[in-house]
Amino acid sequence: MIKRRTFLKTTLGTGLALSAPWVARAQTRELRIQTWEGYTEPEWLKPFEEANDVVCRVNFTTSDDDLFTKALASKGGDFDVFALNTALIPRYVANSLYLPIDPSRLTNFEKLAPAFHDNALTVVDGEVRSLPFAWGSNPLIYDQDYFTEAPDSWGVLWDPALDKQVMMVDDSSSVISVAALYLGYEDPFNLNADQYAEVKRILIEQKQILLTYYAGFADGVSLFAQNGVKAMYSMGEPQVKELQAQGVNAALTIPKEKATGWLDGWMLSPSCRDVDLAYAWFDACLSQATGKIMTEKLGYGNTTDLDANAAAGLDYADKLVWFQLAPDTEYRTQLWNEIKAA
Amino acid sequence: MDALPEHMNIMAAPEPAVAESLGGQGHLELDQVSKSYGHEHALLPTSFQVRNGEFVTILGPSGSGKTTILRLIGGFTQTSSGRILVDGKDITRLPPNRRPCNTVFQDYALFPHKSAAGNVGYGLMVRKVAKAEALRRVDEALQLVGLETMGQKFPSQLSGGQQQRVALARSLVCQPRVLLLDEPLSALDADMRRQMQQFLKRVQREIQTTFVFVTHDQEEAISLSDRIVVMSKGKVEQIASPYEIYYRPETHFVATFLGDNNLMDGTVRDGGGVDLPIGPVACATDGRGKGEKVYAAIRPERIGLARTIEAGKTGIECSVAEIGFAGAMTTVRVRPNSMPDLSLLVKVTSGRWIEDLTAGASVFATFDPADISVFSRTAP
Amino acid sequence: MMNPVSRISLFVLVALVPSVFVLLPTIAFVANSFFAVENGQIVPTFTLSNYAAFLQQPEYWGVFVNTLGLCLQVSIICLVFGLPVAWFIWRLPERNRYPMLFVVILPLFMSYVVKLFAFRSILGLNGFLNQLLVASHLIDKPQMAFLFSRDAIVLTQASMFFPYMVLPIFLNLERIPHSLTQASSDLGASAGMTFREVVLPLTMPGVVAGLVFVFIMSLGDYITPQMVGGMMGHTFGRVVWSQFGVTFNWPLGASFGVVLVLVCAALVGAVGMTSRQQRI
Ligand SMILES: Nc1ncnc2c1ncn2[C@@H]1O[C@H](COP(=O)(O)OP(=O)(O)O)[C@@H](O)[C@H]1O
Ligand SMILES: [Mg+2]
């Protein structure tokens, strides 16, 4: 996850001046936004400011852990709204660092596509905790010069014919999740002991043919390009573009076993000073125009304009399993160490 | 510390057997040897020979090329031209480890990680001398330098003088044909230095190894050497016995470098003798032609002073300018009445009549013309 | 002379900064290794369970032992090449000596990660080494064998830490008076004997310093193994890293860190004792 952010920070970086904090003025209304870079592009931030006579103070999140620490310390007092990976919602719920959102106050709530409207991570017991806004996935990336048609299963990453030509990422939660998907387990984030044993077995088996566990977004791209890799577990869609830029005839696919995906949403801080304004911001973000621009400009999947998603090739949101916090990360790390030491 | 041990009586000779096992004399010859660094001439073409068992000192001020000569002989620097021979064998191109010479370095260059015995035995070890014999020879060498009880000490545990002696023993144990010593005593205090000088001289006499000794100290050179090579600016000024160097200098540099001297301009007379400011003097001119410009030099102690002058003796009438009493000797500066600009330095044995001498007194300066040495003023 | 009181207060003042910034974090670190984690929160109790975990689980101590072997290999390779190189530079004429030294330590001025990527592109399938070997007909098609192996880790680390071996040895050599090697030669030793009997013993402190530097750097390096080690890239550094960066089990990670520090300290101590016996 974090790797994707870093990548974005270095590749994007235009048009952010408007959202800089010094724009704030005392006499107008003010909205304090805590977010990842990219979610407050001027294309929708500026119209929002003008329409509501408001000045937005935007603070960029640098890491999930920093944000959580900060939120804990101030009880969310530093911002009115914040963007968060939906996987992390339980953490904030456990610490009362959120306010439930009332969908009846939003004109655009019904614009959410079905996969996002009733998402199990964001709507719990009828309570709307987060408004899905942007998403991406961890697809299978493959070399089209080798595969005449897209491989339909994660099994290619276990195919002895591809000895030293397949890669996984060096991250316990990704690797264990995708192995669980490949094994056909419903919920890769909640595994029992037998399932873990199977996961461990096939991951150790996979080491026989794996070229390496790559370290990060750019690392995966350069290794793929330099070493004749045929297929890999991807850290995100932008890797395809990067590979193509390096002359690799790369493409992505979501295998039949599904793939993991990340889903970011907007949340309401318990210390929100201007709730009306916060809802206005949510509405602005959930408008189809905003979704379209974001997908076209940044390449993220949006949650309202499916045509724009389809045009960008992002037509597989329903084939993704959204990331969740595993209840046993420590055990997963230990398992991961055991697999690597095997 | 640093007094030599009691039993090391300077006069006591080492056992003949010891002397034999450490000795070895060689004949050294430098034939037009020179060394330059880029455009700088550290040593101009130089030739001289050192006889078997001779103690030759190279004397000169700092930077005159003394160390350069030693390094060329030792093989640490390559000659720019010329040949170096030991016992008639050309060693010019041999590396240091194959030369029959050993060096006692100015900073001793003892190996800090080896004991005194380890240092002394180093040359034997690299020559793969049998252990028992090596041990015996190391013991002998340590005995020769009076350090037989110090063998297990490390250099850092030894005084300067002791280190010096270890360095000497280390070189001698290799039985060099020629031993090279580069200002080995310069780091010692005056007392120790005097003792070591006599010690060195004694060792050299007993083992009769050829010594080439470098110093910038004139007294050291004079008291130790059989012959002295005086150097200046990369050039040999004169090679001669200490007496000749002192009383028969051949260049202006030699005449003034060693001790006090009286130097006068002169011109060779027709039929012998020299015209000096104090008048014509009938001294030897070594066949120099009439009218040749020369220097005439006479040592202060070779001039006498007298109140009156006996008939038939030459004497120059002078007035006393300065008197300096220095114990046994008194130095007196006088000016000839005929040449008040000239001042002569005189050293006389202190006597009662000297006590009565006062500045301005009138005296006669007397000398034997044979004590005047004459050398060319247009020196090469 | 200063009076004792002001001298002591000056000392306290000067010592305060390093103690606060070095000692305190270290103490906190060591203390952490005795803490426990419950429900994702660090609980400040006293337990030895972290150390027990290290000793009981082979995926920890086994990797640790393997990693020590790897570091030793890297150190020895650095030494085998570093000593002659340092010696060679030292023997150069003064005019060329420091420029040459500069060339050898130049890679130190380059970013670590940049060097790693460079190594990988050299050793990779489409990399320089393969192209060279194919072009010279030594192999008929590019090999994957140069990258992603234990040897690749050793080679890469040895190259990256090489200057840390050369530098202390060279500086040590510089402290040996030339008169000592000349004296050795003068006494009849060949160049080889002089090296063995004089240069090498007197260079031991530099050699030891270099070995310790390289060993510790290699032990602490958790990036190179990941980047070039492939399936062999699981070293102790990565195990420690996973406790801090992935699991947030700081107490366990801290206990591993303490083990690392103790091993390094024991190493430096042992080495210090042996070199003291050398009287250098
Ligand atoms: N390695 C060298 N490079 C350049 N010049 C040198 C070198 N060694 C000696 N010299 C020069 O040669 C001259 C003689 O030096 P040296 O023999 O050491 O004199 P001494 O030992 O009489 O003091 C000096 O002018 C010195 O600067
Ligand atoms: Mg000298």
# chains A, B, ... in the order shown; residues from 1 in each chain; ligands from 1
>>> residues_around(residues="Phe68 (chain A)", least_positions_apart="4", cutoff="8 Å", atoms="only C-alpha atoms", output="JSON, numbers by chain")
{"A": [64, 72, 92]}
>>> select_by_dssp(residues="region 69-292 of chain A", states="helix (DSSP H, G or I)", output="ChimeraX atom specification")
/A:69-74,86-94,103-105,109-111,114-117,154-158,160-162,172-182,193-206,217-226,238-245,275-285,288-292
>>> residues_near_ligand(ligand="ligand 1", cutoff="6 Å", atoms="only C-alpha atoms and all ligand atoms", output="list in words")
Tyr37, Ala42, Ser62, Gly63, Ser64, Gly65, Lys66, Thr67 and Thr68 of chain B
>>> residues_around(residues="Gly151 (chain B)", least_positions_apart="6", cutoff="8 Å", atoms="only C-alpha atoms", output="number ranges by chain")
B: 115-118, 142
>>> atom_distance(atom1="CA of Glu355 (chain B)", atom2="CA of Thr331 (chain B)")
12.2 Å
